[in-house]
Amino acid sequence: MSRAAIRYAKAIIEIAVSNGNATLVNDDMNNIVTTVADNSDLSEFLASPIIAADLKMNALTEIFSSVQGETKSLFRLLQENKRFEILASIATQFNHQFDEMNGMETAKVTTAFPITAELEAKVMAKVATISDKKITIQNIVDPAIIGGFILRIGDKQYNASVANRLQELKREFSN
């Protein structure tokens, strides 16, 4: 995450909050993150130094035609400064700052299979002991952990995976 992306995000969030429009702009930013991540052609198009800023601006206003005024202002600012390549980073940073401002945090839960309601309840119980913020869960499926789960909130991690337990046993037996 570039410092420039953080600065742009802070500026946009301040404007959106003062206009009472932060939630709608946050929706725009979520849409931008998802669209750019899901479309490698768009990502390459925005990053390309060969394509003129005007063409990028036209494409963005076409793709994101229903966005809020603050988001359109961001597009114009990126056009002026020829910085379209950091749009997705700005949007991601905006989402983080918006969540922080509203006392929300995302917990990344890695499981060997898609999360079940039962496991989600166990994870939320563990989350309550770690954080006092409103938590949303993002599930990452990784069969390599074999079973259990790995919970990550901010810079804290709780590893209750079978793979981790096997590593601990291996270390105990090798000593």
# chains A, B, ... in the order shown; residues from 1 in each chain; ligands from 1

call {"tool": "residues_around", "arguments": {"residues": "Ser161 (chain A)", "least_positions_apart": "3", "cutoff": "9 Å", "atoms": "only C-alpha atoms", "output": "number ranges by chain"}}
result
A: 110-112, 145-150, 164-166

call {"tool": "select_by_dssp", "arguments": {"residues": "region 4-168 of chain A", "states": "helix (DSSP H, G or I)", "output": "ChimeraX atom specification"}}
result
/A:4-18,22-38,40-47,53-63,69-81,84-101,117-130,143-145,162-168

call {"tool": "residues_around", "arguments": {"residues": "region 62-75 of chain A", "least_positions_apart": "5", "cutoff": "7 Å", "atoms": "only C-alpha atoms", "output": "list in words"}}
result
Ile12, Ala16, Val25, Asp28 and Met57 of chain A

call {"tool": "closest_residue", "arguments": {"among": "A:Arg7, A:Asp54, A:Pro49, A:Val162", "to": "Arg76 (chain A)", "atoms": "only C-alpha atoms"}}
result
A:Asp54

call {"tool": "residues_around", "arguments": {"residues": "Ala91 (chain A)", "least_positions_apart": "4", "cutoff": "9 Å", "atoms": "only C-alpha atoms", "output": "list in words"}}
result
Ala5, Ala9, Asn26, Asp28, Met29, Asn30, Asn31, Ile32, Val33, Ile86, Leu87, Asn95 and His96 of chain A

call {"tool": "closest_residue", "arguments": {"among": "A:Asp155, A:Glu44, A:Glu120, A:Asp132", "to": "Phe84 (chain A)", "atoms": "only C-alpha atoms"}}
result
A:Glu44

call {"tool": "select_by_dssp", "arguments": {"residues": "region 55-156 of chain A", "states": "strand (DSSP E or B)", "output": "PyMOL selection string"}}
result
chain A and resi 104-111+134-141+148-153+156

call {"tool": "atom_distance", "arguments": {"atom1": "CA of Glu100 (chain A)", "atom2": "CA of Met124 (chain A)"}}
result
18.8 Å
